[in-house]
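Peer 1: Before anything else, here's the structure in question.
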Amino acid sequence: MSFDAEIITLFPDLFPGPLGASIHGRALEDGLWSLKAHQLRDYATDRHRSVDDTPAGGGPGMVLRPDVLARAIDDVSPDTDPRPRLVMSPRGTPLSQKMVRDFAAGPGLVIVCGRFEGIDQRVIEARELIEVSVGDYVLSGGEVAAMALLEAAVRLLPGVMGGTDSHAEESFESGLLEYPQYTRPAEFEGRTIPEVLTSGDHGKVVKWRKEQAEALTRARRPDLLPPDRGND
């Protein structure tokens, strides 16, 4: 099953961007997933190709029109399309590794990238757009956020990464942040690799990594730990 991603944006030339490089780019070339960006202005009906208007009730900025965006969504994603329809928004549900895994297990995504002050609420409701946030900050548009989401999802597709267990011990996969990593040289600017990692004792290595992951999580993201482990 192919993972097919389609983007509705005012800046289609931004894609594939970084998604066309490294493992994501190779997977794109190999047909493990597909990506198509659609120009929202192509769905405007006036000679100026207008896609926005002033906010109802007054205020600064402009708002994307529901009629133009609805035409784009209906063309890209008809009623029979099983792919989730997303809109990148700072007020959306925070993106998590679980969400990424769920998206990667599906047939693909249709992602709307907003601009200006936002999108008319009526089209969000009428087309059942799922609002997703990549963090508690505001970007100028949804394109970079869409790339981050796709970057996280595509790397989990079968055949994209080198080994099936390549991401098994990464941050958030086990509910913890990832433990520290080391490699050669054995000494760097007076700092050495922890002795346990060169001991050859697999059991001790596993134990050390678990302890390190828990300590890092407790220090930096205690919200990820169950209540009975957060203050150990």
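Labeling convention for the structure tokens: chains A, B, ... as they appear, residues from 1 per chain, ligands from 1 in order of appearance.
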Write out as a list in words each polymer residue whose atoms come within 8 Å of region 70-78 of chain A, counting only C-alpha atoms; drop sequence neighbours fewer than 3 positions from it.
Peer 2: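 Neighbouring residues, sequence-local ones excluded: Glu6, Ile8, Leu40, Tyr43, Pro66, Asp67, Asp81, Arg83, Val110, Val123 and Arg127 of chain A.
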Peer 1: For Ile111 (chain A), find every residue with an atom within 9 Å (counting only C-alpha atoms), except residues of its own chain fewer than 4 positions away, and show them as a PyMOL selection string.
Peer 2: chain A and resi 5-9+84-88+129+142+146
Peer 1: Taking the backbone alone, and naming residues the way the document does, which bits of region 11-230 of chain A are alpha helix (DSSP H) by DSSP, as an NGL selection string?
Peer 2: :A and (22-29 or 66-76 or 97-104 or 121-126 or 143-154 or 202-220)
Peer 1: Between CA of Ala145 (chain A) and CA of Pro180 (chain A), what is the spacing in Å?
Peer 2: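 Atom-to-atom, CA of Pro180 (chain A) to CA of Ala145 (chain A), that is 26.9 Å.
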Peer 1: May I ask which of the residues A:Lys36, A:Arg122, A:Arg91, A:Arg49 is the closest one to Gly108 (chain A), counting only C-alpha atoms?
Peer 2: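 Answer, going by the shortest atom-to-atom distance: A:Lys36.
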